[in-house]
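K.L.:
Sharing model.csv below, CSV, C-alpha atoms:
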chain,number,residue,atom,x,y,z
G,26,MET,CA,-3.3,7.8,13.4
G,27,SER,CA,-1.5,9.7,16.1
G,28,ARG,CA,-3.1,12.8,17.5
G,29,LYS,CA,-1.7,15.9,15.8
G,30,VAL,CA,0.7,18.0,17.8
G,31,ASN,CA,-0.8,21.0,19.6
G,32,ILE,CA,2.2,23.1,20.8
G,33,SER,CA,2.8,26.5,22.2
G,34,VAL,CA,5.9,28.8,22.3
G,35,ASP,CA,6.2,28.0,26.0
G,36,ASN,CA,7.3,24.4,25.6
G,37,LEU,CA,9.8,25.0,22.8
G,38,PRO,CA,13.6,24.9,23.6
G,39,ASP,CA,15.0,28.2,24.9
G,40,SER,CA,17.1,28.6,21.7
G,41,LEU,CA,13.8,29.1,19.8
G,42,ARG,CA,11.5,31.0,22.1
G,43,GLY,CA,12.9,34.5,21.8
G,44,GLN,CA,12.9,34.2,18.0
G,45,ILE,CA,9.2,33.2,17.6
G,46,HIS,CA,6.0,35.1,17.1
G,47,GLY,CA,3.7,32.1,17.1
G,48,VAL,CA,3.3,28.4,16.3
G,49,GLU,CA,0.5,26.6,14.3
G,50,SER,CA,0.0,22.8,14.4
G,51,ALA,CA,-1.6,20.6,11.8
G,52,ILE,CA,-4.9,21.2,13.6
G,53,ASP,CA,-4.8,24.9,12.6
G,54,ASN,CA,-2.8,25.0,9.3
G,55,GLU,CA,-4.4,23.8,6.0
G,56,SER,CA,-1.2,22.7,4.3
G,57,LEU,CA,-0.1,20.7,7.3
G,58,ALA,CA,-3.6,19.2,7.8
G,59,LEU,CA,-3.4,17.8,4.2
G,60,PHE,CA,0.2,16.5,4.7
G,61,THR,CA,-0.8,14.7,7.9
G,62,ASP,CA,-4.2,13.3,6.6
G,63,ASN,CA,-3.8,9.6,6.3
G,64,LYS,CA,-7.1,8.2,7.6
G,65,ASP,CA,-8.2,6.8,4.2
G,66,VAL,CA,-5.0,4.8,3.3
G,67,ARG,CA,-5.2,2.0,5.7
G,68,ILE,CA,-5.2,-1.5,4.3
G,69,SER,CA,-8.1,-3.6,5.4
G,70,LEU,CA,-7.5,-6.0,8.3
G,71,GLU,CA,-9.5,-8.6,6.5
G,72,ASN,CA,-6.6,-9.1,4.1
G,73,THR,CA,-4.1,-11.1,6.2
G,74,ASN,CA,-1.3,-10.5,3.6
G,75,HIS,CA,-1.4,-6.8,4.4
G,76,GLY,CA,-2.3,-5.9,8.0
G,77,LEU,CA,-2.2,-2.2,8.8
G,78,ARG,CA,0.6,-0.4,7.0
G,79,ALA,CA,2.3,2.7,8.5
G,80,TYR,CA,1.7,5.7,6.2
G,81,SER,CA,4.2,8.3,5.3
G,82,ASN,CA,5.0,10.8,2.5
G,83,THR,CA,7.7,11.0,-0.1
G,84,PHE,CA,8.6,14.2,-1.9
G,85,ASN,CA,8.2,14.2,-5.7
G,86,HIS,CA,11.6,14.6,-7.3
G,87,TYR,CA,13.6,15.5,-4.2
G,88,ASP,CA,13.5,11.9,-2.8
G,89,LEU,CA,14.5,10.4,-6.2
G,90,TRP,CA,17.8,12.4,-6.3
G,91,GLY,CA,21.0,10.6,-5.2
G,92,ARG,CA,21.3,12.8,-2.0
G,93,PHE,CA,23.0,10.1,0.1
G,94,VAL,CA,26.5,8.6,-0.1
G,95,ARG,CA,26.5,4.9,-0.9
G,96,SER,CA,30.2,4.1,-1.1
G,97,GLY,CA,33.5,5.6,-0.2
G,98,HIS,CA,34.1,7.9,2.7
G,99,LYS,CA,31.2,8.3,5.2
G,100,LYS,CA,33.0,9.5,8.4
G,101,LEU,CA,36.6,10.7,8.7
G,102,PRO,CA,38.6,12.7,11.2
G,103,LEU,CA,39.3,16.1,9.9
G,104,GLU,CA,43.0,15.5,9.6
G,105,GLU,CA,42.3,12.5,7.3
G,106,ALA,CA,40.0,14.5,5.0
G,107,PRO,CA,40.6,14.0,1.3
G,108,LYS,CA,41.4,16.9,-1.0
G,109,LYS,CA,38.0,16.7,-2.6
G,110,THR,CA,35.2,16.5,-0.1
G,111,ILE,CA,32.2,17.7,-2.2
G,112,ILE,CA,30.4,14.9,-4.1
G,113,THR,CA,28.8,15.8,-7.4
G,114,ARG,CA,26.0,13.8,-8.9
G,115,ARG,CA,23.7,14.1,-12.0
G,116,ILE,CA,20.0,14.7,-11.8
G,117,SER,CA,17.9,13.1,-14.4
G,118,GLU,CA,14.3,12.2,-13.5
G,119,LYS,CA,10.9,12.4,-15.1
G,120,VAL,CA,8.0,12.9,-12.7
G,121,ASP,CA,4.4,13.6,-13.7
G,122,GLY,CA,5.5,14.7,-17.2
G,123,ILE,CA,8.2,17.0,-15.9
G,124,LEU,CA,11.8,16.2,-16.8
G,125,TYR,CA,14.3,17.3,-14.2
G,126,ASP,CA,17.9,17.5,-15.5
G,127,GLY,CA,20.9,19.0,-13.8
G,128,GLU,CA,23.3,18.2,-10.9
G,129,ILE,CA,23.6,18.2,-7.1
G,130,LYS,CA,26.6,18.7,-4.8
G,131,ILE,CA,26.8,17.1,-1.4
G,132,THR,CA,29.1,18.8,1.2
G,133,PRO,CA,29.7,16.8,4.4
G,134,ALA,CA,29.0,18.1,7.9
G,135,VAL,CA,31.6,18.7,10.6
G,136,VAL,CA,30.4,16.7,13.7
G,137,SER,CA,32.2,16.5,17.1
G,138,SER,CA,32.2,13.2,18.9
G,139,LYS,CA,34.5,11.2,21.2
G,140,LYS,CA,37.4,9.1,19.9
G,141,ASP,CA,39.5,7.3,22.5
G,142,GLY,CA,37.9,9.4,25.2
G,143,GLU,CA,38.7,12.7,23.6
G,144,GLU,CA,36.4,15.1,21.6
G,145,THR,CA,37.3,14.8,18.0
G,146,GLU,CA,35.9,16.6,14.9
G,147,PHE,CA,34.8,14.4,12.0
G,148,LEU,CA,33.6,15.0,8.5
G,149,VAL,CA,30.3,13.1,8.1
G,150,TRP,CA,28.8,12.6,4.7
G,151,PRO,CA,25.0,11.9,4.7
G,152,SER,CA,24.8,8.1,4.1
G,153,ASP,CA,22.5,5.2,4.6
G,154,ARG,CA,22.3,5.9,8.3
G,155,GLU,CA,21.2,9.5,7.8
G,156,GLU,CA,18.7,8.4,5.1
G,157,LYS,CA,17.1,6.0,7.6
G,158,VAL,CA,16.8,8.8,10.2
G,159,GLU,CA,15.4,11.3,7.6
G,160,ARG,CA,12.7,8.8,6.5
G,161,ALA,CA,11.7,8.2,10.2
G,162,LEU,CA,11.6,11.9,10.7
G,163,ILE,CA,9.3,12.5,7.8
G,164,ARG,CA,7.2,9.5,9.1
G,165,LEU,CA,6.8,11.4,12.4
G,166,ALA,CA,5.9,14.5,10.5
G,167,SER,CA,3.3,12.6,8.4
G,168,LYS,CA,1.7,11.3,11.7
G,169,GLY,CA,1.1,14.9,12.8
G,170,LYS,CA,4.4,15.8,14.7
G,171,ILE,CA,4.9,18.8,12.5
G,172,VAL,CA,4.2,22.5,13.1
G,173,LYS,CA,4.5,25.9,11.3
G,174,ILE,CA,6.8,28.3,13.3
G,175,ASN,CA,6.5,32.0,12.6
G,176,PHE,CA,10.0,33.2,13.2
G,177,LYS,CA,10.9,36.8,13.2
G,178,SER,CA,13.1,36.0,10.2
G,179,GLY,CA,10.3,34.1,8.3
G,180,ILE,CA,8.2,31.0,8.4
G,181,GLN,CA,9.5,27.4,8.7
G,182,TYR,CA,8.0,24.0,9.1
G,183,ALA,CA,9.5,21.9,11.9
G,184,VAL,CA,9.1,18.4,13.2
G,185,ILE,CA,8.6,18.2,17.0
G,186,PHE,CA,9.5,15.0,18.7
G,187,SER,CA,11.5,13.3,21.4
G,188,MET,CA,14.5,11.1,20.9
G,189,ASN,CA,12.5,8.1,22.1
G,190,GLU,CA,9.8,8.7,19.5
G,191,LEU,CA,12.3,8.8,16.7
G,192,ALA,CA,14.1,5.7,18.1
G,193,GLN,CA,10.8,3.8,18.2
G,194,GLU,CA,10.0,4.6,14.6
G,195,LEU,CA,13.4,3.2,13.7
G,196,LYS,CA,13.0,0.2,15.9
G,197,ALA,CA,9.5,-0.6,14.4
G,198,VAL,CA,11.2,-1.3,11.1
G,199,GLY,CA,14.2,-3.2,12.4
G,200,GLN,CA,16.6,-0.2,12.3
G,201,SER,CA,17.4,0.3,16.0
G,202,MET,CA,20.1,2.8,16.8
G,203,PRO,CA,21.5,4.0,20.2
G,204,TYR,CA,20.6,7.6,21.0
G,205,PRO,CA,24.1,9.0,20.4
G,206,GLN,CA,24.0,7.6,16.8
G,207,ILE,CA,20.6,9.1,16.2
G,208,LYS,CA,21.7,12.5,17.5
G,209,GLU,CA,24.9,12.4,15.4
G,210,SER,CA,22.8,11.5,12.3
G,211,LEU,CA,20.5,14.5,13.0
G,212,GLU,CA,23.5,16.7,13.4
G,213,ALA,CA,24.9,15.3,10.1
G,214,LEU,CA,21.7,16.1,8.3
G,215,GLN,CA,21.7,19.6,9.7
G,216,GLY,CA,25.3,20.3,8.9
G,217,SER,CA,25.5,18.6,5.5
G,218,LYS,CA,24.9,21.0,2.6
G,219,LEU,CA,22.9,20.3,-0.5
G,220,SER,CA,23.5,22.4,-3.6
G,221,PHE,CA,21.6,21.8,-6.8
G,222,LYS,CA,20.8,23.3,-10.1
G,223,TYR,CA,18.5,21.8,-12.6
G,224,ARG,CA,16.2,22.6,-15.5
G,225,ALA,CA,12.5,21.5,-15.5
G,226,THR,CA,11.0,20.7,-18.9
G,227,ASP,CA,7.3,20.1,-19.4
G,228,THR,CA,7.3,17.1,-21.8
G,229,LYS,CA,3.5,17.2,-22.2
G,230,ASN,CA,3.4,20.9,-23.3
G,231,SER,CA,6.1,22.2,-25.7
G,232,ASP,CA,4.6,25.7,-25.4
G,233,VAL,CA,5.7,26.0,-21.7
G,234,ASP,CA,9.2,27.4,-21.4
G,235,ASP,CA,11.8,25.5,-19.4
G,236,SER,CA,12.3,26.6,-15.8
G,237,PHE,CA,15.8,26.9,-14.2
G,238,TYR,CA,16.5,26.5,-10.5
G,239,GLU,CA,19.6,26.8,-8.4
G,240,SER,CA,19.7,26.6,-4.6
G,241,ASN,CA,22.1,26.0,-1.7
G,242,MET,CA,20.7,24.7,1.6
G,243,ASN,CA,21.2,22.1,4.4
G,244,PHE,CA,19.3,18.8,4.6
G,245,LEU,CA,17.8,20.2,7.8
G,246,SER,CA,17.6,24.0,8.2
G,247,SER,CA,18.2,24.0,12.0
G,248,LEU,CA,18.2,21.6,15.0
G,249,HIS,CA,17.3,22.3,18.6
G,250,PHE,CA,17.4,20.1,21.7
G,251,SER,CA,16.1,20.6,25.3
G,252,GLY,CA,15.7,18.4,28.4
G,253,LYS,CA,17.3,17.4,31.6
G,254,LYS,CA,20.6,15.6,32.2
G,255,GLY,CA,20.1,11.8,32.3
G,256,GLN,CA,16.7,11.8,30.6
G,257,GLY,CA,18.1,10.2,27.5
G,258,GLY,CA,15.1,9.4,25.3
G,259,ASN,CA,12.9,12.1,26.9
G,260,ILE,CA,15.0,14.9,25.3
G,261,LYS,CA,12.8,17.1,23.2
G,262,CYS,CA,13.9,17.9,19.7
G,263,VAL,CA,12.9,20.5,17.0
G,264,ALA,CA,14.1,19.8,13.5
G,265,CYS,CA,13.3,22.6,11.0
G,266,LEU,CA,12.9,21.4,7.5
G,267,ASN,CA,14.7,23.1,4.6
G,268,ALA,CA,13.0,25.7,2.4
G,269,PHE,CA,12.7,23.3,-0.6
G,270,VAL,CA,10.8,20.6,1.5
G,271,HIS,CA,8.7,23.4,3.0
G,272,ASN,CA,7.6,24.6,-0.5
G,273,MET,CA,6.9,21.0,-1.6
G,274,ILE,CA,4.5,20.6,1.3
G,275,ASP,CA,2.7,23.9,0.4
G,276,ASN,CA,2.5,22.9,-3.3
G,277,LEU,CA,1.3,19.3,-2.6
G,278,GLU,CA,4.4,18.0,-4.3
G,279,TYR,CA,4.4,14.7,-2.3
G,280,LYS,CA,2.9,11.3,-2.5
G,281,GLY,CA,2.0,8.7,0.1
G,282,TYR,CA,3.6,5.4,0.6
G,283,TYR,CA,3.7,2.6,3.2
G,284,PHE,CA,6.7,3.3,5.5
G,285,ASN,CA,6.9,-0.2,6.9
G,286,SER,CA,6.9,-1.9,3.5
G,287,ALA,CA,9.9,0.1,2.3
G,288,GLN,CA,11.9,0.6,5.5
G,289,GLU,CA,11.7,-3.0,6.8
G,290,LEU,CA,13.9,-4.2,4.0
G,291,LYS,CA,17.5,-4.8,5.3
G,292,ARG,CA,19.5,-3.6,2.3
G,293,GLY,CA,19.8,0.1,1.3
G,294,LEU,CA,19.3,-0.6,-2.4
G,295,SER,CA,16.1,-2.6,-1.7
G,296,ARG,CA,14.7,0.2,0.5
G,297,TRP,CA,15.5,2.8,-2.1
G,298,MET,CA,14.0,0.7,-5.0
G,299,MET,CA,10.8,0.0,-3.0
G,300,LEU,CA,10.4,3.8,-2.3
G,301,ARG,CA,11.0,4.5,-6.0
G,302,LEU,CA,8.3,2.0,-7.0
G,303,TYR,CA,5.8,3.6,-4.7
G,304,HIS,CA,6.7,7.0,-6.1
G,305,LEU,CA,7.0,6.3,-9.9
G,306,TRP,CA,4.9,3.2,-10.5
G,307,ARG,CA,1.6,5.0,-9.8
G,308,TYR,CA,-0.2,3.2,-12.6
G,309,ALA,CA,0.8,-0.3,-11.4
G,310,ALA,CA,-1.9,-2.7,-12.5
G,311,PRO,CA,-2.1,-6.4,-13.5
G,312,GLY,CA,-0.5,-6.8,-16.9
G,313,LYS,CA,1.5,-3.5,-16.7
G,314,THR,CA,5.2,-3.6,-16.3
G,315,TYR,CA,8.0,-1.3,-15.2
G,316,HIS,CA,11.3,-1.1,-17.0
G,317,PHE,CA,14.7,0.2,-16.1
G,318,ARG,CA,18.4,-0.2,-17.2
G,319,LEU,CA,20.8,-1.4,-14.6
G,320,LEU,CA,23.6,1.2,-15.0
G,321,SER,CA,21.2,4.1,-15.2
G,322,ILE,CA,19.4,3.0,-12.0
G,323,MET,CA,22.7,2.3,-10.1
G,324,GLU,CA,23.9,5.8,-11.0
G,325,LYS,CA,20.6,7.3,-9.7
G,326,TYR,CA,21.0,5.3,-6.5
G,327,GLY,CA,24.6,6.5,-6.1
G,328,SER,CA,26.6,3.3,-6.5
G,329,ILE,CA,28.4,4.5,-9.6
G,330,TYR,CA,29.1,7.7,-11.4
G,331,SER,CA,28.6,8.5,-15.1
G,332,THR,CA,32.4,8.9,-15.5
G,333,ASP,CA,33.2,5.4,-14.0
G,334,GLU,CA,34.7,2.7,-16.1
G,335,ILE,CA,32.4,-0.3,-15.9
G,336,THR,CA,34.4,-3.4,-16.3
G,337,ASP,CA,32.9,-6.9,-16.8
G,338,ASN,CA,33.6,-7.7,-13.1
G,339,LYS,CA,31.9,-4.5,-12.0
G,340,LEU,CA,28.9,-5.1,-14.2
G,341,LYS,CA,28.6,-8.6,-12.7
G,342,ALA,CA,28.8,-7.2,-9.2
G,343,LEU,CA,26.1,-4.7,-9.9
G,344,ARG,CA,23.9,-7.4,-11.4
G,345,ARG,CA,24.3,-9.5,-8.3
G,346,ASP,CA,23.3,-6.6,-6.1
G,347,MET,CA,20.2,-6.0,-8.2
G,348,THR,CA,19.3,-9.7,-8.2
G,349,THR,CA,19.3,-9.7,-4.4
G,350,THR,CA,17.1,-6.6,-4.4
G,351,MET,CA,14.7,-8.2,-6.9
G,352,LYS,CA,14.4,-11.2,-4.5
G,353,ASP,CA,13.8,-8.8,-1.6
G,354,LEU,CA,10.9,-7.1,-3.6
G,355,ILE,CA,9.4,-10.5,-4.4
G,356,GLU,CA,9.5,-11.6,-0.8
G,357,LYS,CA,8.1,-8.3,0.3
G,358,GLY,CA,5.2,-8.8,-2.1
G,359,ALA,CA,5.9,-5.8,-4.3
G,360,ILE,CA,6.5,-7.7,-7.5
G,361,SER,CA,5.5,-11.1,-8.7
G,362,GLU,CA,8.3,-11.7,-11.1
G,363,TYR,CA,10.9,-10.0,-13.2
G,364,ASN,CA,12.8,-10.6,-16.5
G,365,ILE,CA,16.3,-9.5,-17.6
G,366,SER,CA,17.5,-8.9,-21.2
G,367,ASN,CA,21.0,-8.2,-22.3
G,368,VAL,CA,22.2,-5.0,-23.9
G,369,LYS,CA,25.2,-5.7,-26.2
G,370,ASP,CA,27.8,-3.6,-27.8
G,371,ASP,CA,27.0,-3.5,-31.6
G,372,GLU,CA,30.7,-3.9,-32.6
G,373,THR,CA,32.1,-6.4,-30.0
G,374,GLY,CA,28.9,-8.2,-29.0
G,375,ARG,CA,30.0,-7.8,-25.3
G,376,ILE,CA,27.2,-7.3,-22.7
G,377,ILE,CA,27.4,-3.7,-21.5
G,378,ASP,CA,24.1,-3.3,-19.6
G,379,TYR,CA,20.9,-5.1,-18.7
G,380,VAL,CA,17.2,-4.2,-19.0
G,381,TYR,CA,14.9,-5.3,-16.2
G,382,GLU,CA,11.2,-5.8,-16.6
G,383,MET,CA,9.2,-6.0,-13.4
G,384,HIS,CA,5.6,-7.3,-12.9
G,385,PRO,CA,3.6,-5.9,-10.0
G,386,SER,CA,2.0,-8.2,-7.5
G,387,THR,CA,-1.7,-8.1,-6.8
G,388,GLN,CA,-0.9,-6.8,-3.3
G,389,PHE,CA,1.2,-3.9,-4.7
G,390,CYS,CA,-1.6,-3.0,-7.2
G,391,GLU,CA,-4.1,-2.8,-4.4
G,392,GLU,CA,-1.8,-0.6,-2.3
G,393,ILE,CA,-1.2,1.8,-5.2
G,394,LEU,CA,-4.9,2.0,-5.9
G,395,ALA,CA,-5.6,3.0,-2.3
G,396,LEU,CA,-2.7,5.5,-2.4
G,397,ASN,CA,-3.8,7.0,-5.7
G,398,LYS,CA,-7.4,7.5,-4.4
G,399,HIS,CA,-6.0,9.2,-1.3
G,400,ASN,CA,-3.7,11.4,-3.3
G,401,LYS,CA,-6.5,12.6,-5.6
G,402,ARG,CA,-8.6,13.4,-2.6
G,403,ILE,CA,-5.8,15.5,-1.1
G,404,GLU,CA,-5.3,17.3,-4.3
G,405,ILE,CA,-9.0,18.1,-4.6
G,406,GLN,CA,-9.1,19.4,-1.0
G,407,GLY,CA,-6.0,21.4,-1.6
G,408,GLY,CA,-7.4,23.0,-4.7
G,409,LYS,CA,-4.6,21.7,-7.0
G,410,ARG,CA,-6.6,19.3,-9.2
G,411,LEU,CA,-8.5,21.0,-12.1
G,412,VAL,CA,-11.6,19.5,-13.6
G,413,GLU,CA,-10.0,18.2,-16.9
G,414,THR,CA,-13.3,17.2,-18.4
G,415,ALA,CA,-15.0,20.6,-18.1
G,416,GLU,CA,-17.0,21.4,-21.2
G,417,ILE,CA,-16.1,24.7,-23.0
G,418,ILE,CA,-19.2,26.6,-24.2
G,419,ASP,CA,-19.0,29.1,-27.0
G,420,GLU,CA,-19.8,32.7,-25.9
G,421,ASP,CA,-22.8,33.1,-28.3
G,422,ILE,CA,-24.3,29.8,-27.1
G,423,LEU,CA,-23.8,30.8,-23.5
G,424,GLU,CA,-25.5,34.1,-24.1
G,425,ALA,CA,-28.5,32.3,-25.7
G,426,ILE,CA,-28.7,30.0,-22.7
G,427,VAL,CA,-28.7,32.9,-20.4
G,428,LYS,CA,-31.5,34.7,-22.3
G,429,LYS,CA,-33.7,31.6,-22.0
Translate the structure of the given file into structure tokens.
P.N.:
Amino acid sequence: MSRKVNISVDNLPDSLRGQIHGVESAIDNESLALFTDNKDVRISLENTNHGLRAYSNTFNHYDLWGRFVRSGHKKLPLEEAPKKTIITRRISEKVDGILYDGEIKITPAVVSSKKDGEETEFLVWPSDREEKVERALIRLASKGKIVKINFKSGIQYAVIFSMNELAQELKAVGQSMPYPQIKESLEALQGSKLSFKYRATDTKNSDVDDSFYESNMNFLSSLHFSGKKGQGGNIKCVACLNAFVHNMIDNLEYKGYYFNSAQELKRGLSRWMMLRLYHLWRYAAPGKTYHFRLLSIMEKYGSIYSTDEITDNKLKALRRDMTTTMKDLIEKGAISEYNISNVKDDETGRIIDYVYEMHPSTQFCEEILALNKHNKRIEIQGGKRLVETAEIIDEDILEAIVKK
């Protein structure tokens, strides 16, 4: 595990120093200490199928939303912008007994870069490239490169890193990018806007009223660079996380996963599915299976929309994509096998969807067991987990016990 960052106001970029009262690292801050605690989730070196896995965190429902653009426009000159630039997607996820239902809107960033030797402004939608950079950024934060900054305007959590450190995290999982692309991806994350509104329903307790949420924010709250000309990878960066992610860190609304296992996969759908398994399949064990419907999962991923007409050819193409992903997950050691069953239209008998049943591998079950133990320990240390088996004693009995 990397040593946690110990930083002062003096070595922050000039754009930040005048706005700050103080800085706390994970050494000093309890919430960040829990977020960067990964000492108990290493896979034993004795198991040659595992080796040591790089640990990171994934945010409960936030990372399951279709926040990234999978098809269509990803980068366009401003003059070629379509009439409709905002992408709208549904939210429908059930996590830890809470059903999240609503919609998100993704607004692209305006980024300036050179085209034919001239500075040109582009619309950039957060896509697979930005997702890779965001995952690597959170990986750095999980290793300890995160601080709490007390701005005059309020408190924010920020990831402190160099361009070289971020490039190395990407390179370690076979996702190497030149510095200009990494910088543009960061700028796209900071400039892209995420708007969402959803209802949260407690499916385990009907007595609890539904909660409604609506927010507008950027993927990254702000971005700051400092360094000397010609240093390249030595440029220091500060990426302030948005308020939603900040609150999820404070409320322990995140889970651990093995960064290498998910991010080493070459295909975007395979990486996303692996992260999803780490996040939702927390009861993976021999004999237990995980089910999903193809069209539903592809809509969550962002390949299709609920309003799309799914022709036979489109359905076959989606199945081919998922077949490749299933093979990737088997090769990676996440699942041992999978089965597919047809969903047919009652009137025509035509196949309109597929149901997938996945069987976990022994390796994945062991990883989930280690992650669950670690997660429980973090919750106990953070005071979140209540003792569910506590015995309730009647007041009269309690009084009699006290009198004895």
K.L.:
Return as JSON lines the residues of stretch 292-326 of chain G lying at most 7 Å from stretch 77-95 of chain G, together with the closest atom-to-atom pair for each and the distance in Å to one decimal, counting all atoms listed in the file, with rows in chain order and ascending residue number.
P.N.:
{"residue": "G:Arg301", "atom": "CA", "partner": "G:Leu89", "partner_atom": "CA", "distance": 6.9}
{"residue": "G:Lys325", "atom": "CA", "partner": "G:Gly91", "partner_atom": "CA", "distance": 5.6}
{"residue": "G:Tyr326", "atom": "CA", "partner": "G:Gly91", "partner_atom": "CA", "distance": 5.5}
K.L.:
Given the choices G:Thr373, G:Ser236, G:Ser246, G:Ser251, which gets closest to G:Val270 if the distance is worked out from all atoms listed in the file?
P.N.:
G:Ser246
K.L.:
Closest to G:Ser137 among G:Arg344, G:Asn230, G:Gln388, G:Ser210, using all atoms listed in the file?
P.N.:
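Between G:Arg344, G:Asn230, G:Gln388, G:Ser210, the residue approaching G:Ser137 most closely is G:Ser210.
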K.L.:
Expressed in Å to a single decimal, how great is the separation between atom CA of G:Leu248 and atom CA of G:Val263?
P.N.:
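Distance reported for this atom pair: 5.8 Å.
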K.L.:
For G:Leu290, which residue among G:Arg318, G:Arg375, G:Lys157, G:Lys222 is the nearest when counting all atoms listed in the file?
P.N.:
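Between G:Arg318, G:Arg375, G:Lys157, G:Lys222, the residue approaching G:Leu290 most closely is G:Lys157.
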K.L.:
Show me, as a list in words, the residues that have an atom within 10 Å of G:Asp235 when counting all atoms listed in the file, minus same-chain residues fewer than 5 positions from it.
P.N.:
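Residues meeting the cut-off are Ile123, Leu124, Arg224, Ala225, Thr226, Asp227 and Thr228 of chain G.
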K.L.:
Using all atoms listed in the file, which protein or nucleic acid residues come within 10 Å of G:Gln288? Drop anything in the same chain fewer than 3 positions from it, and give the result as a list in words.
P.N.:
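In the requested format, the answer is Lys157, Arg160, Ala161, Leu195, Ala197, Val198, Gly199, Gln200, Tyr283, Phe284, Asn285, Lys291, Arg292, Gly293, Ser295, Arg296, Trp297, Met299 and Leu300 of chain G.
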K.L.:
Could you write those residues out with C-alpha atoms, as a PDB file, keeping the file's coordinate frame?
P.N.:
ATOM      1  CA  LYS G 157      17.100   6.000   7.600  1.00  0.00           C
ATOM      2  CA  ARG G 160      12.700   8.800   6.500  1.00  0.00           C
ATOM      3  CA  ALA G 161      11.700   8.200  10.200  1.00  0.00           C
ATOM      4  CA  LEU G 195      13.400   3.200  13.700  1.00  0.00           C
ATOM      5  CA  ALA G 197       9.500  -0.600  14.400  1.00  0.00           C
ATOM      6  CA  VAL G 198      11.200  -1.300  11.100  1.00  0.00           C
ATOM      7  CA  GLY G 199      14.200  -3.200  12.400  1.00  0.00           C
ATOM      8  CA  GLN G 200      16.600  -0.200  12.300  1.00  0.00           C
ATOM      9  CA  TYR G 283       3.700   2.600   3.200  1.00  0.00           C
ATOM     10  CA  PHE G 284       6.700   3.300   5.500  1.00  0.00           C
ATOM     11  CA  ASN G 285       6.900  -0.200   6.900  1.00  0.00           C
ATOM     12  CA  LYS G 291      17.500  -4.800   5.300  1.00  0.00           C
ATOM     13  CA  ARG G 292      19.500  -3.600   2.300  1.00  0.00           C
ATOM     14  CA  GLY G 293      19.800   0.100   1.300  1.00  0.00           C
ATOM     15  CA  SER G 295      16.100  -2.600  -1.700  1.00  0.00           C
ATOM     16  CA  ARG G 296      14.700   0.200   0.500  1.00  0.00           C
ATOM     17  CA  TRP G 297      15.500   2.800  -2.100  1.00  0.00           C
ATOM     18  CA  MET G 299      10.800   0.000  -3.000  1.00  0.00           C
ATOM     19  CA  LEU G 300      10.400   3.800  -2.300  1.00  0.00           C
TER      20      LEU G 300
END
K.L.:
Please compute the atom CA of G:Phe176-atom CA of G:Gly47 distance, one decimal, in Å.
P.N.:
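It comes out at 7.5 Å.
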K.L.:
Per residue of stretch 140-191 of chain G within 12 Å of stretch 111-114 of chain G, which atom pair is closest and at what distance in Å (one decimal), using all atoms listed in the file, listed by chain and increasing number, as JSON lines?
P.N.:
{"residue": "G:Leu148", "atom": "CA", "partner": "G:Ile111", "partner_atom": "CA", "distance": 11.1}
{"residue": "G:Val149", "atom": "CA", "partner": "G:Ile111", "partner_atom": "CA", "distance": 11.4}
{"residue": "G:Trp150", "atom": "CA", "partner": "G:Ile111", "partner_atom": "CA", "distance": 9.2}
{"residue": "G:Pro151", "atom": "CA", "partner": "G:Ile112", "partner_atom": "CA", "distance": 10.8}
K.L.:
Which residues are close to G:Ile360, i.e. within 8 Å by all atoms listed in the file, leaving aside same-chain residues fewer than 6 positions away? Reply as a ChimeraX atom specification.
P.N.:
/G:354,383-386,389
K.L.:
Compile the contact shell of G:Gly408 as a list in words: residues with an atom at most 12 Å away, counting only C-alpha atoms, same-chain residues fewer than 2 positions apart removed.
P.N.:
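Contacts, with the query itself left out: Glu55, Ser56, Leu59, Asp275, Asn276, Leu277, Lys401, Arg402, Ile403, Glu404, Ile405, Gln406, Arg410, Leu411 and Val412 of chain G.
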K.L.:
How would the residues just chosen look if you wrote them out with C-alpha atoms as a PDB file, in the frame of the given file?
P.N.:
ATOM      1  CA  GLU G  55      -4.400  23.800   6.000  1.00  0.00           C
ATOM      2  CA  SER G  56      -1.200  22.700   4.300  1.00  0.00           C
ATOM      3  CA  LEU G  59      -3.400  17.800   4.200  1.00  0.00           C
ATOM      4  CA  ASP G 275       2.700  23.900   0.400  1.00  0.00           C
ATOM      5  CA  ASN G 276       2.500  22.900  -3.300  1.00  0.00           C
ATOM      6  CA  LEU G 277       1.300  19.300  -2.600  1.00  0.00           C
ATOM      7  CA  LYS G 401      -6.500  12.600  -5.600  1.00  0.00           C
ATOM      8  CA  ARG G 402      -8.600  13.400  -2.600  1.00  0.00           C
ATOM      9  CA  ILE G 403      -5.800  15.500  -1.100  1.00  0.00           C
ATOM     10  CA  GLU G 404      -5.300  17.300  -4.300  1.00  0.00           C
ATOM     11  CA  ILE G 405      -9.000  18.100  -4.600  1.00  0.00           C
ATOM     12  CA  GLN G 406      -9.100  19.400  -1.000  1.00  0.00           C
ATOM     13  CA  ARG G 410      -6.600  19.300  -9.200  1.00  0.00           C
ATOM     14  CA  LEU G 411      -8.500  21.000 -12.100  1.00  0.00           C
ATOM     15  CA  VAL G 412     -11.600  19.500 -13.600  1.00  0.00           C
TER      16      VAL G 412
END
